[in-house]
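Peer 1: Next comes the structure file final09.txt, holding compact mmCIF, C-alpha atoms (C1' of nucleotides).
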```
# COMPACT_ATOMS: atom_id res chain seq x y z
CA MET A 1 118.33 169.90 13.87
CA ASN A 2 114.62 169.78 14.74
CA ILE A 3 112.97 167.25 16.97
CA GLY A 4 111.65 165.12 14.12
CA ASP A 5 115.11 164.47 12.71
CA VAL A 6 116.44 163.74 16.17
CA ALA A 7 113.62 161.32 16.79
CA GLU A 8 114.51 159.44 13.65
CA LYS A 9 118.23 159.43 14.37
CA SER A 10 117.96 158.47 18.01
CA GLY A 11 115.08 156.07 17.62
CA LEU A 12 113.06 157.81 20.33
CA PRO A 13 109.61 159.32 19.71
CA PRO A 14 109.37 163.13 19.82
CA LYS A 15 107.12 162.88 22.86
CA THR A 16 109.78 161.01 24.73
CA ILE A 17 112.44 163.52 23.77
CA ARG A 18 110.29 166.39 25.02
CA TYR A 19 109.73 164.46 28.20
CA TYR A 20 113.47 163.94 28.63
CA GLU A 21 113.98 167.65 28.23
CA GLU A 22 111.28 168.33 30.80
CA ILE A 23 113.02 166.16 33.38
CA GLY A 24 116.41 167.61 32.52
CA LEU A 25 118.08 164.71 30.72
CA VAL A 26 118.76 166.79 27.63
CA LYS A 27 118.89 170.55 27.20
CA PRO A 28 118.34 171.46 23.56
CA LEU A 29 118.71 175.08 22.44
CA ARG A 30 115.82 177.05 21.01
CA SER A 31 115.76 178.81 17.70
CA ALA A 32 114.01 182.13 17.10
CA ASN A 33 110.70 180.50 16.19
CA GLY A 34 110.59 178.56 19.45
CA TYR A 35 111.55 175.23 17.93
CA ARG A 36 113.98 173.04 19.83
CA THR A 37 117.39 172.85 18.18
CA PHE A 38 119.51 169.78 18.81
CA LEU A 39 123.21 169.22 18.36
CA GLU A 40 124.83 165.96 17.33
CA SER A 41 125.87 165.54 20.94
CA ASP A 42 122.19 165.61 21.93
CA VAL A 43 121.44 162.86 19.45
CA HIS A 44 124.29 160.92 20.99
CA LYS A 45 122.94 161.43 24.49
CA LEU A 46 119.45 160.41 23.47
CA ALA A 47 120.70 157.24 21.83
CA PHE A 48 122.61 156.51 25.03
CA LEU A 49 119.43 156.99 27.04
CA GLY A 50 117.41 154.83 24.69
CA ARG A 51 119.89 152.04 25.01
CA ALA A 52 120.02 152.28 28.80
CA ARG A 53 116.22 152.28 28.99
CA ALA A 54 116.12 149.25 26.71
CA LEU A 55 118.28 147.48 29.26
CA GLY A 56 115.67 148.31 31.85
CA PHE A 57 117.55 151.00 33.75
CA THR A 58 115.24 153.47 35.48
CA ILE A 59 115.27 157.12 34.52
CA GLU A 60 117.17 157.89 37.70
CA ASP A 61 119.75 155.25 36.80
CA CYS A 62 119.99 156.84 33.37
CA ARG A 63 120.55 160.23 34.90
CA ASN A 64 123.39 158.83 37.00
CA LEU A 65 124.87 156.85 34.15
CA MET A 66 124.84 159.95 31.95
CA ALA A 67 126.58 161.96 34.65
CA LEU A 68 129.25 159.28 34.95
CA TYR A 69 129.56 159.04 31.20
CA GLU A 70 130.28 162.75 30.98
CA ASP A 71 132.73 162.69 33.85
CA ASP A 72 136.09 161.46 32.63
CA GLN A 73 137.31 161.33 36.23
CA ARG A 74 134.73 158.64 37.06
CA ALA A 75 135.67 155.33 38.60
CA SER A 76 134.29 152.38 36.67
CA ALA A 77 133.34 150.95 40.07
CA GLU A 78 130.53 153.48 40.30
CA VAL A 79 129.10 152.41 36.98
CA LYS A 80 129.46 148.76 37.87
CA GLU A 81 127.64 149.37 41.13
CA ILE A 82 124.62 150.80 39.34
CA ALA A 83 124.62 147.95 36.85
CA GLU A 84 124.93 145.32 39.55
CA GLN A 85 122.04 146.74 41.51
CA HIS A 86 119.98 146.71 38.38
CA LEU A 87 121.00 143.14 37.71
CA GLU A 88 119.75 142.23 41.17
CA ARG A 89 116.43 143.92 40.52
CA ILE A 90 116.12 141.98 37.29
CA ASP A 91 116.94 138.70 38.98
CA LYS A 92 114.40 139.37 41.69
CA LYS A 93 111.76 140.16 39.11
CA ILE A 94 112.56 137.05 37.12
CA THR A 95 112.30 134.93 40.25
CA GLU A 96 108.89 136.39 41.05
CA LEU A 97 107.67 135.77 37.54
CA GLU A 98 109.02 132.21 37.50
CA GLN A 99 107.13 131.59 40.72
CA MET A 100 103.90 132.91 39.25
CA ARG A 101 104.52 130.98 36.10
CA ALA A 102 104.96 127.73 37.96
CA THR A 103 101.74 128.10 39.94
CA LEU A 104 99.76 129.30 36.99
CA SER A 105 101.09 126.60 34.74
CA ASN A 106 100.02 123.92 37.21
CA LEU A 107 96.56 125.37 37.39
CA VAL A 108 96.22 125.66 33.64
CA HIS A 109 97.26 122.06 33.16
CA ALA A 110 94.80 120.92 35.80
CA CYS A 111 91.91 122.68 34.10
CA ALA A 112 89.92 120.69 31.57
CA GLY A 113 89.02 123.81 29.60
CA ASP A 114 85.74 122.47 28.32
CA HIS A 115 82.08 123.45 28.60
CA ARG A 116 81.71 122.24 32.19
CA PRO A 117 81.85 124.70 35.08
CA ASP A 118 84.30 122.74 37.25
CA CYS A 119 87.53 124.68 37.33
CA PRO A 120 90.62 124.09 39.47
CA ILE A 121 91.84 127.60 38.64
CA LEU A 122 88.84 129.28 40.23
CA ALA A 123 88.84 126.75 43.04
CA ASP A 124 92.41 127.63 43.87
CA LEU A 125 91.83 131.36 43.75
CA ALA A 126 88.79 131.00 45.96
CA ALA A 127 90.10 128.50 48.46
CA THR A 128 93.59 129.49 49.33
CA CYS A 129 92.85 131.71 52.26
CA LEU A 130 89.75 129.95 53.49
CA ASP A 131 90.54 126.41 54.52
CA ASN A 132 87.12 125.90 56.03
CA GLU A 133 85.55 126.44 52.64
CA LEU A 134 88.05 124.38 50.78
CA ILE A 135 86.02 121.24 51.26
CA GLU A 136 82.87 122.82 49.92
CA ASN A 137 84.66 124.33 46.98
CA THR A 138 86.49 121.24 45.92
CA ALA A 139 83.78 118.75 46.84
CA MET B 1 82.24 144.23 59.74
CA ASN B 2 84.28 147.43 59.24
CA ILE B 3 87.06 147.94 56.76
CA GLY B 4 89.85 147.40 59.29
CA ASP B 5 88.67 143.91 60.17
CA VAL B 6 88.20 143.08 56.53
CA ALA B 7 91.69 144.30 55.76
CA GLU B 8 93.10 141.99 58.37
CA LYS B 9 91.03 139.02 57.27
CA SER B 10 91.58 139.45 53.56
CA GLY B 11 95.20 140.53 53.79
CA LEU B 12 94.55 143.64 51.67
CA PRO B 13 95.25 147.18 52.90
CA PRO B 14 92.19 149.38 53.55
CA LYS B 15 93.32 151.69 50.76
CA THR B 16 93.22 148.84 48.30
CA ILE B 17 89.79 147.77 49.47
CA ARG B 18 88.43 151.27 49.02
CA TYR B 19 89.99 151.36 45.58
CA TYR B 20 88.38 148.06 44.68
CA GLU B 21 85.04 149.47 45.73
CA GLU B 22 85.67 152.57 43.62
CA ILE B 23 86.26 150.48 40.51
CA GLY B 24 83.32 148.23 41.28
CA LEU B 25 85.04 145.00 42.30
CA VAL B 26 83.23 144.93 45.63
CA LYS B 27 80.07 146.66 46.74
CA PRO B 28 79.97 146.89 50.53
CA LEU B 29 76.88 148.23 52.26
CA ARG B 30 76.91 151.40 54.33
CA SER B 31 75.80 151.72 57.89
CA ALA B 32 74.00 154.76 59.26
CA ASN B 33 77.24 156.52 60.22
CA GLY B 34 78.61 156.23 56.69
CA TYR B 35 81.02 153.42 57.47
CA ARG B 36 81.38 150.62 54.95
CA THR B 37 79.87 147.37 56.16
CA PHE B 38 81.23 144.14 54.75
CA LEU B 39 79.75 140.67 54.71
CA GLU B 40 81.70 137.44 54.92
CA SER B 41 81.13 137.04 51.21
CA ASP B 42 82.93 140.33 50.63
CA VAL B 43 85.91 139.08 52.61
CA HIS B 44 85.85 135.98 50.46
CA LYS B 45 85.79 138.04 47.27
CA LEU B 46 88.62 140.25 48.44
CA ALA B 47 90.76 137.25 49.32
CA PHE B 48 90.03 135.89 45.85
CA LEU B 49 91.11 139.18 44.31
CA GLY B 50 94.25 139.32 46.41
CA ARG B 51 95.23 135.87 45.32
CA ALA B 52 94.55 136.62 41.66
CA ARG B 53 96.58 139.82 41.87
CA ALA B 54 99.41 137.91 43.53
CA LEU B 55 99.48 135.68 40.48
CA GLY B 56 99.90 138.80 38.39
CA PHE B 57 96.46 138.97 36.83
CA THR B 58 95.45 142.50 35.86
CA ILE B 59 92.48 144.17 37.48
CA GLU B 60 90.49 143.57 34.32
CA ASP B 61 91.40 139.89 34.43
CA CYS B 62 90.29 139.85 38.04
CA ARG B 63 86.99 141.41 37.12
CA ASN B 64 86.42 138.72 34.51
CA LEU B 65 87.56 135.92 36.77
CA MET B 66 85.21 137.12 39.50
CA ALA B 67 82.32 137.20 37.06
CA LEU B 68 83.08 133.66 35.98
CA TYR B 69 83.50 132.55 39.56
CA GLU B 70 80.05 133.83 40.40
CA ASP B 71 78.49 132.30 37.32
CA ASP B 72 77.81 128.62 37.94
CA GLN B 73 76.91 128.23 34.27
CA ARG B 74 80.43 129.14 33.24
CA ALA B 75 82.56 126.95 31.01
CA SER B 76 85.97 126.21 32.47
CA ALA B 77 87.32 126.92 28.99
CA GLU B 78 86.69 130.61 29.54
CA VAL B 79 88.71 130.63 32.72
CA LYS B 80 91.48 128.64 31.13
CA GLU B 81 91.59 131.07 28.24
CA ILE B 82 92.22 134.00 30.58
CA ALA B 83 94.86 132.07 32.47
CA GLU B 84 96.62 130.97 29.31
CA GLN B 85 96.79 134.48 27.97
CA HIS B 86 98.24 135.61 31.25
CA LEU B 87 100.75 132.79 31.12
CA GLU B 88 101.83 134.01 27.70
CA ARG B 89 102.27 137.53 29.01
CA ILE B 90 104.40 136.18 31.83
CA ASP B 91 106.51 134.13 29.46
CA LYS B 92 107.04 137.10 27.23
CA LYS B 93 108.07 139.25 30.16
CA ILE B 94 110.45 136.58 31.43
CA THR B 95 112.03 136.32 28.01
CA GLU B 96 112.56 140.05 27.86
CA LEU B 97 114.11 140.10 31.29
CA GLU B 98 116.37 137.14 30.51
CA GLN B 99 117.56 139.01 27.45
CA MET B 100 118.33 142.12 29.48
CA ARG B 101 119.97 140.00 32.12
CA ALA B 102 122.26 138.31 29.62
CA THR B 103 123.44 141.56 28.09
CA LEU B 104 123.83 143.29 31.41
CA SER B 105 125.61 140.35 32.94
CA ASN B 106 128.15 140.34 30.14
CA LEU B 107 128.78 144.03 30.60
CA VAL B 108 129.12 143.75 34.36
CA HIS B 109 131.63 140.94 34.02
CA ALA B 110 133.62 142.90 31.48
CA CYS B 111 133.89 145.91 33.77
CA ALA B 112 136.88 146.07 36.08
CA GLY B 113 134.96 148.04 38.68
CA ASP B 114 137.97 149.87 40.03
CA HIS B 115 139.11 153.48 40.32
CA ARG B 116 139.93 153.83 36.63
CA PRO B 117 137.50 155.54 34.25
CA ASP B 118 137.57 152.89 31.50
CA CYS B 119 134.21 151.20 31.48
CA PRO B 120 132.81 148.73 28.95
CA ILE B 121 129.32 149.35 30.29
CA LEU B 122 129.35 153.02 29.39
CA ALA B 123 131.17 152.27 26.16
CA ASP B 124 128.43 149.88 25.14
CA LEU B 125 125.64 152.26 26.04
CA ALA B 126 127.34 155.04 24.13
CA ALA B 127 128.46 153.16 21.09
CA THR B 128 125.67 150.88 20.05
CA CYS B 129 123.89 153.21 17.71
CA LEU B 130 126.90 155.13 16.49
CA ASP B 131 129.32 152.83 14.77
CA ASN B 132 131.46 155.69 13.59
CA GLU B 133 132.16 156.63 17.19
CA LEU B 134 132.74 153.09 18.33
CA ILE B 135 136.40 153.28 17.48
CA GLU B 136 136.92 156.47 19.43
CA ASN B 137 135.01 155.18 22.41
CA THR B 138 136.75 151.87 22.64
CA ALA B 139 140.16 153.07 21.58
C1' DG C 1 97.02 182.03 -0.46
C1' DT C 2 96.25 178.03 1.23
C1' DT C 3 97.07 173.43 2.15
C1' DG C 4 99.67 170.15 4.92
C1' DA C 5 103.45 168.80 7.60
C1' DC C 6 106.00 170.41 11.30
C1' DC C 7 106.45 172.43 15.67
C1' DT C 8 104.79 174.47 20.31
C1' DT C 9 102.28 174.22 24.93
C1' DC C 10 99.12 172.32 28.09
C1' DC C 11 95.89 168.88 29.87
C1' DA C 12 94.44 164.11 30.72
C1' DG C 13 95.25 159.53 31.35
C1' DC C 14 97.19 154.50 31.83
C1' DA C 15 98.10 150.60 36.28
C1' DA C 16 97.27 149.98 40.83
C1' DG C 17 97.26 151.84 44.32
C1' DG C 18 100.12 154.97 48.40
C1' DG C 19 100.46 159.17 51.37
C1' DG C 20 98.57 162.42 53.88
C1' DA C 21 95.19 166.28 55.18
C1' DA C 22 90.79 167.66 57.08
C1' DG C 23 87.14 166.19 59.35
C1' DC C 24 83.36 162.65 61.47
C1' DC C 25 82.31 158.89 64.87
C1' DC C 26 82.68 156.17 68.85
C1' DT C 27 84.38 154.56 73.10
C1' DA C 28 87.01 154.60 77.39
C1' DG C 29 88.98 157.09 81.16
C1' DG C 30 89.24 160.79 84.54
C1' DC D 1 80.90 165.99 81.11
C1' DC D 2 84.96 166.47 78.63
C1' DT D 3 88.78 164.76 76.25
C1' DA D 4 92.05 161.75 74.11
C1' DG D 5 92.69 158.03 70.97
C1' DG D 6 91.80 155.33 67.28
C1' DG D 7 89.07 154.20 63.36
C1' DC D 8 86.46 155.77 59.66
C1' DT D 9 85.23 159.10 55.73
C1' DT D 10 86.32 161.85 51.41
C1' DC D 11 89.55 164.37 48.63
C1' DC D 12 93.43 165.26 46.07
C1' DC D 13 98.17 164.66 44.76
C1' DC D 14 102.18 161.39 43.90
C1' DT D 15 104.34 157.49 41.77
C1' DT D 16 106.87 155.51 36.50
C1' DG D 17 107.58 156.61 31.95
C1' DC D 18 105.69 157.97 28.99
C1' DT D 19 101.35 158.52 25.24
C1' DG D 20 97.38 160.81 23.17
C1' DG D 21 94.96 164.74 21.92
C1' DA D 22 93.43 169.66 21.49
C1' DA D 23 94.48 174.38 20.23
C1' DG D 24 97.41 177.05 17.95
C1' DG D 25 102.06 179.00 15.66
C1' DT D 26 105.50 178.14 11.54
C1' DC D 27 107.31 176.95 7.34
C1' DA D 28 107.97 175.18 2.58
C1' DA D 29 105.54 173.99 -1.52
C1' DC D 30 102.21 174.53 -5.06
```
Spell out the structure here as structure tokens.

Peer 2:
Amino acid sequence: MNIGDVAEKSGLPPKTIRYYEEIGLVKPLRSANGYRTFLESDVHKLAFLGRARALGFTIEDCRNLMALYEDDQRASAEVKEIAEQHLERIDKKITELEQMRATLSNLVHACAGDHRPDCPILADLAATCLDNELIENTA
Amino acid sequence: MNIGDVAEKSGLPPKTIRYYEEIGLVKPLRSANGYRTFLESDVHKLAFLGRARALGFTIEDCRNLMALYEDDQRASAEVKEIAEQHLERIDKKITELEQMRATLSNLVHACAGDHRPDCPILADLAATCLDNELIENTA
DNA sequence: GTTGACCTTCCAGCAAGGGGAAGCCCTAGG
DNA sequence: CCTAGGGCTTCCCCTTGCTGGAAGGTCAAC
């Protein structure tokens, strides 16, 4: 199977598949003309990777998950550990974004959004670290 | 004022300040010995940029926000427009992350996390795109 | 035999800086 | 007067996870 077929089957672009080979996530064979030749098991691996990436796992996580997947002596605790750490990263990121969202939302609501130059958004960005100028900026 | 002082006052690392000069966000003067020389207004700008970045605005957003900040003929509508678009980006990102979180959380809870190899997390990653193998993998 | 769709490699680049080397500059201490 | 140190400079590579493009080989069809 050539890379184009694999791309279609796995849902990953050819570029991505070549990249995954480059970093050692898949190891396709080569046919005489230099083309990569993939087995069904490669398609399976690539789909696995695509799914893991879609869940936000890093490439390194994917590498570890793949290794565990292929090791039938694995302990599910190891997999769970990786997933839990990732869950924490996600929660942290969500918290950060919620925080930004809250601040930004306040500012947006406070801004008239008309033709006049007065703007609480700019005032906030400008004033936060410079209390002595706050009065000038908001006066 | 040299870059070290500015870094302390603005809260941005020297590396970041040099980078911001490189991409034209600030334009410090140079003294005879080649050192960058910053004015108070530069510190002010850099603090503005730091705050905007902390709210997740892209560098390009920052560039536009700075331009509006320095234009006293601006319409607050233009600022609000940038902020609203950013708010949408944030909301979209949060939604994505919540989606990942939900799926991942389900998988984590379904996984025993013990010494045994059976793992719903790996099974899900492996099976999603290959229904014909689902039975084997979950059997 | 030649077009056009594949495939190959390599190079460059995105965001937004971080790390570190090699080399000035400036000041304080002995 | 010399030296040690800290701060400053430029330069280039590294990060994450790809994506785009150029130059060129291959293959099946018409």

Peer 1: Superposition of chain A onto chain B by least squares over all sequentially paired C-alpha atoms; the transformed chain is requested as a short mmCIF file (atom, residue, chain, number, x, y, z; two decimals) with C-alpha atoms, in the frame of the given file.

Peer 2:
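Okay, superposed_14.cif is ready:
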```
data_model
loop_
_atom_site.label_atom_id
_atom_site.label_comp_id
_atom_site.auth_asym_id
_atom_site.auth_seq_id
_atom_site.Cartn_x
_atom_site.Cartn_y
_atom_site.Cartn_z
CA MET A 1 82.28 144.25 59.72
CA ASN A 2 84.28 147.45 59.24
CA ILE A 3 87.06 147.96 56.76
CA GLY A 4 89.84 147.42 59.28
CA ASP A 5 88.67 143.93 60.17
CA VAL A 6 88.21 143.10 56.51
CA ALA A 7 91.68 144.33 55.74
CA GLU A 8 93.11 142.02 58.36
CA LYS A 9 91.04 139.04 57.26
CA SER A 10 91.61 139.46 53.56
CA GLY A 11 95.20 140.56 53.79
CA LEU A 12 94.55 143.66 51.68
CA PRO A 13 95.21 147.21 52.94
CA PRO A 14 92.14 149.39 53.57
CA LYS A 15 93.24 151.72 50.80
CA THR A 16 93.18 148.89 48.34
CA ILE A 17 89.75 147.77 49.47
CA ARG A 18 88.38 151.28 49.02
CA TYR A 19 89.96 151.36 45.61
CA TYR A 20 88.34 148.05 44.70
CA GLU A 21 85.00 149.45 45.73
CA GLU A 22 85.62 152.55 43.64
CA ILE A 23 86.23 150.47 40.53
CA GLY A 24 83.28 148.21 41.28
CA LEU A 25 85.00 144.98 42.32
CA VAL A 26 83.21 144.90 45.66
CA LYS A 27 80.04 146.64 46.77
CA PRO A 28 79.96 146.88 50.56
CA LEU A 29 76.85 148.22 52.30
CA ARG A 30 76.90 151.38 54.37
CA SER A 31 75.81 151.71 57.94
CA ALA A 32 74.04 154.76 59.34
CA ASN A 33 77.27 156.52 60.26
CA GLY A 34 78.62 156.23 56.73
CA TYR A 35 81.04 153.43 57.48
CA ARG A 36 81.37 150.63 54.95
CA THR A 37 79.87 147.37 56.17
CA PHE A 38 81.23 144.14 54.75
CA LEU A 39 79.75 140.67 54.70
CA GLU A 40 81.72 137.44 54.92
CA SER A 41 81.13 137.04 51.20
CA ASP A 42 82.95 140.34 50.64
CA VAL A 43 85.91 139.08 52.62
CA HIS A 44 85.84 135.99 50.45
CA LYS A 45 85.78 138.05 47.27
CA LEU A 46 88.61 140.25 48.44
CA ALA A 47 90.76 137.26 49.31
CA PHE A 48 90.01 135.90 45.84
CA LEU A 49 91.11 139.19 44.31
CA GLY A 50 94.25 139.32 46.40
CA ARG A 51 95.22 135.87 45.30
CA ALA A 52 94.55 136.60 41.64
CA ARG A 53 96.58 139.82 41.85
CA ALA A 54 99.40 137.91 43.51
CA LEU A 55 99.45 135.68 40.46
CA GLY A 56 99.89 138.78 38.36
CA PHE A 57 96.44 138.95 36.82
CA THR A 58 95.43 142.48 35.84
CA ILE A 59 92.46 144.15 37.47
CA GLU A 60 90.47 143.56 34.31
CA ASP A 61 91.38 139.87 34.42
CA CYS A 62 90.28 139.84 38.04
CA ARG A 63 86.98 141.41 37.13
CA ASN A 64 86.41 138.71 34.51
CA LEU A 65 87.56 135.91 36.77
CA MET A 66 85.21 137.11 39.50
CA ALA A 67 82.32 137.20 37.07
CA LEU A 68 83.09 133.65 35.99
CA TYR A 69 83.51 132.56 39.57
CA GLU A 70 80.05 133.82 40.41
CA ASP A 71 78.48 132.28 37.34
CA ASP A 72 77.83 128.61 37.94
CA GLN A 73 76.90 128.21 34.28
CA ARG A 74 80.46 129.14 33.23
CA ALA A 75 82.56 126.94 31.00
CA SER A 76 85.97 126.21 32.47
CA ALA A 77 87.32 126.92 28.98
CA GLU A 78 86.69 130.61 29.53
CA VAL A 79 88.71 130.63 32.72
CA LYS A 80 91.47 128.62 31.12
CA GLU A 81 91.60 131.07 28.25
CA ILE A 82 92.22 133.99 30.58
CA ALA A 83 94.86 132.06 32.47
CA GLU A 84 96.61 130.96 29.31
CA GLN A 85 96.77 134.47 27.97
CA HIS A 86 98.23 135.59 31.23
CA LEU A 87 100.74 132.77 31.10
CA GLU A 88 101.81 134.01 27.69
CA ARG A 89 102.25 137.53 28.99
CA ILE A 90 104.38 136.18 31.81
CA ASP A 91 106.51 134.13 29.45
CA LYS A 92 107.03 137.11 27.20
CA LYS A 93 108.06 139.23 30.14
CA ILE A 94 110.44 136.59 31.42
CA THR A 95 112.02 136.31 27.99
CA GLU A 96 112.55 140.06 27.84
CA LEU A 97 114.10 140.10 31.28
CA GLU A 98 116.35 137.13 30.50
CA GLN A 99 117.55 139.00 27.44
CA MET A 100 118.34 142.10 29.46
CA ARG A 101 119.95 140.00 32.11
CA ALA A 102 122.24 138.31 29.63
CA THR A 103 123.45 141.57 28.11
CA LEU A 104 123.82 143.28 31.42
CA SER A 105 125.60 140.35 32.97
CA ASN A 106 128.16 140.34 30.16
CA LEU A 107 128.79 144.01 30.62
CA VAL A 108 129.12 143.73 34.37
CA HIS A 109 131.62 140.92 34.05
CA ALA A 110 133.62 142.89 31.52
CA CYS A 111 133.88 145.89 33.81
CA ALA A 112 136.88 146.05 36.12
CA GLY A 113 134.96 148.04 38.73
CA ASP A 114 137.98 149.85 40.07
CA HIS A 115 139.10 153.47 40.36
CA ARG A 116 139.94 153.84 36.67
CA PRO A 117 137.50 155.53 34.30
CA ASP A 118 137.60 152.89 31.55
CA CYS A 119 134.23 151.20 31.50
CA PRO A 120 132.84 148.72 28.97
CA ILE A 121 129.33 149.34 30.32
CA LEU A 122 129.37 153.02 29.40
CA ALA A 123 131.20 152.25 26.18
CA ASP A 124 128.46 149.87 25.16
CA LEU A 125 125.66 152.26 26.04
CA ALA A 126 127.37 155.03 24.14
CA ALA A 127 128.49 153.12 21.09
CA THR A 128 125.70 150.88 20.06
CA CYS A 129 123.93 153.20 17.69
CA LEU A 130 126.94 155.12 16.49
CA ASP A 131 129.37 152.83 14.73
CA ASN A 132 131.48 155.72 13.52
CA GLU A 133 132.23 156.66 17.09
CA LEU A 134 132.80 153.16 18.26
CA ILE A 135 136.47 153.33 17.41
CA GLU A 136 136.98 156.53 19.35
CA ASN A 137 135.06 155.25 22.31
CA THR A 138 136.77 151.93 22.57
CA ALA A 139 140.22 153.09 21.49
#
```

Peer 1: Which residues come within 10 Å of B:Glu40, counting all atoms listed in the file, excluding same-chain residues fewer than 6 positions away, as a PyMOL selection string?

Peer 2: chain B and resi 1+6+9+46

Peer 1: Please produce, as a tab-separated table, a per-residue contact table for chain A versus chain D (criterion: any atom at most 9 Å away, only C-alpha atoms (C1' of nucleotides) considered), showing the nearest atom pair and its distance in Å to one decimal, sorted by chain then residue number.

Peer 2:
```
residue	atom	partner	partner_atom	distance
A:Lys15	CA	D:DT19	C1'	7.6
A:Thr16	CA	D:DC18	C1'	6.6
A:Tyr19	CA	D:DC18	C1'	7.7
A:Asn33	CA	D:DT26	C1'	7.4
A:Thr58	CA	D:DT16	C1'	8.7
A:Ile59	CA	D:DG17	C1'	8.1
```

Peer 1: For the selection you just gave me, I'd like the residues written to a file as a PDB file, in the frame of the given file, keeping C-alpha atoms.

Peer 2:
```pdb
ATOM      1  CA  LYS A  15     107.120 162.880  22.860  1.00  0.00           C
ATOM      2  CA  THR A  16     109.780 161.010  24.730  1.00  0.00           C
ATOM      3  CA  TYR A  19     109.730 164.460  28.200  1.00  0.00           C
ATOM      4  CA  ASN A  33     110.700 180.500  16.190  1.00  0.00           C
ATOM      5  CA  THR A  58     115.240 153.470  35.480  1.00  0.00           C
ATOM      6  CA  ILE A  59     115.270 157.120  34.520  1.00  0.00           C
TER       7      ILE A  59
END
```

Peer 1: Between atom CA of B:Ser10 and atom CA of B:Val43, what is the distance in Å, rounded to a tenth?

Peer 2: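 Separation between atom CA of B:Ser10 and atom CA of B:Val43: 5.8 Å.
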
Peer 1: Mind dumping a table of every chain C residue within 10 Å of chain B, with the nearest atom pair and its distance in Å to one decimal, using all atoms listed in the file, sorted by chain and rising number, as CSV?

Peer 2:
```
residue,atom,partner,partner_atom,distance
C:DA15,C1',B:Thr58,CA,8.5
C:DA16,C1',B:Ile59,CA,8.2
C:DG17,C1',B:Thr16,CA,6.4
C:DG18,C1',B:Lys15,CA,7.9
C:DC24,C1',B:Asn33,CA,8.8
C:DC25,C1',B:Asn33,CA,7.3
```

Peer 1: Restricting the output to C-alpha atoms (C1' of nucleotides), write the selected residues as a PDB file, keeping the file's coordinate frame.

Peer 2:
```
ATOM      1  C1'  DA C  15      98.100 150.600  36.280  1.00  0.00           C
ATOM      2  C1'  DA C  16      97.270 149.980  40.830  1.00  0.00           C
ATOM      3  C1'  DG C  17      97.260 151.840  44.320  1.00  0.00           C
ATOM      4  C1'  DG C  18     100.120 154.970  48.400  1.00  0.00           C
ATOM      5  C1'  DC C  24      83.360 162.650  61.470  1.00  0.00           C
ATOM      6  C1'  DC C  25      82.310 158.890  64.870  1.00  0.00           C
TER       7       DC C  25
END
```

Peer 1: Please return, as a PyMOL selection string, all residues of chain A lying within 8 Å of chain B when all atoms listed in the file are considered.

Peer 2: chain A and resi 10+44-45+47-49+51-52+54-56+65+69+72-81+83-84+87+90-91+94+97-98+100-101+103-105+108+111-119+121-122+125-130

Peer 1: What is the atom CA of A:Thr37 to atom C1' of C:DT2 distance in Å?

Peer 2: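 Straight-line distance from atom CA of A:Thr37 to atom C1' of C:DT2 works out to 27.6 Å.
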
Peer 1: So how far away is atom CA of A:Asn64 from atom CA of A:Glu8, in Å?

Peer 2: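 So the answer is 25.0 Å.
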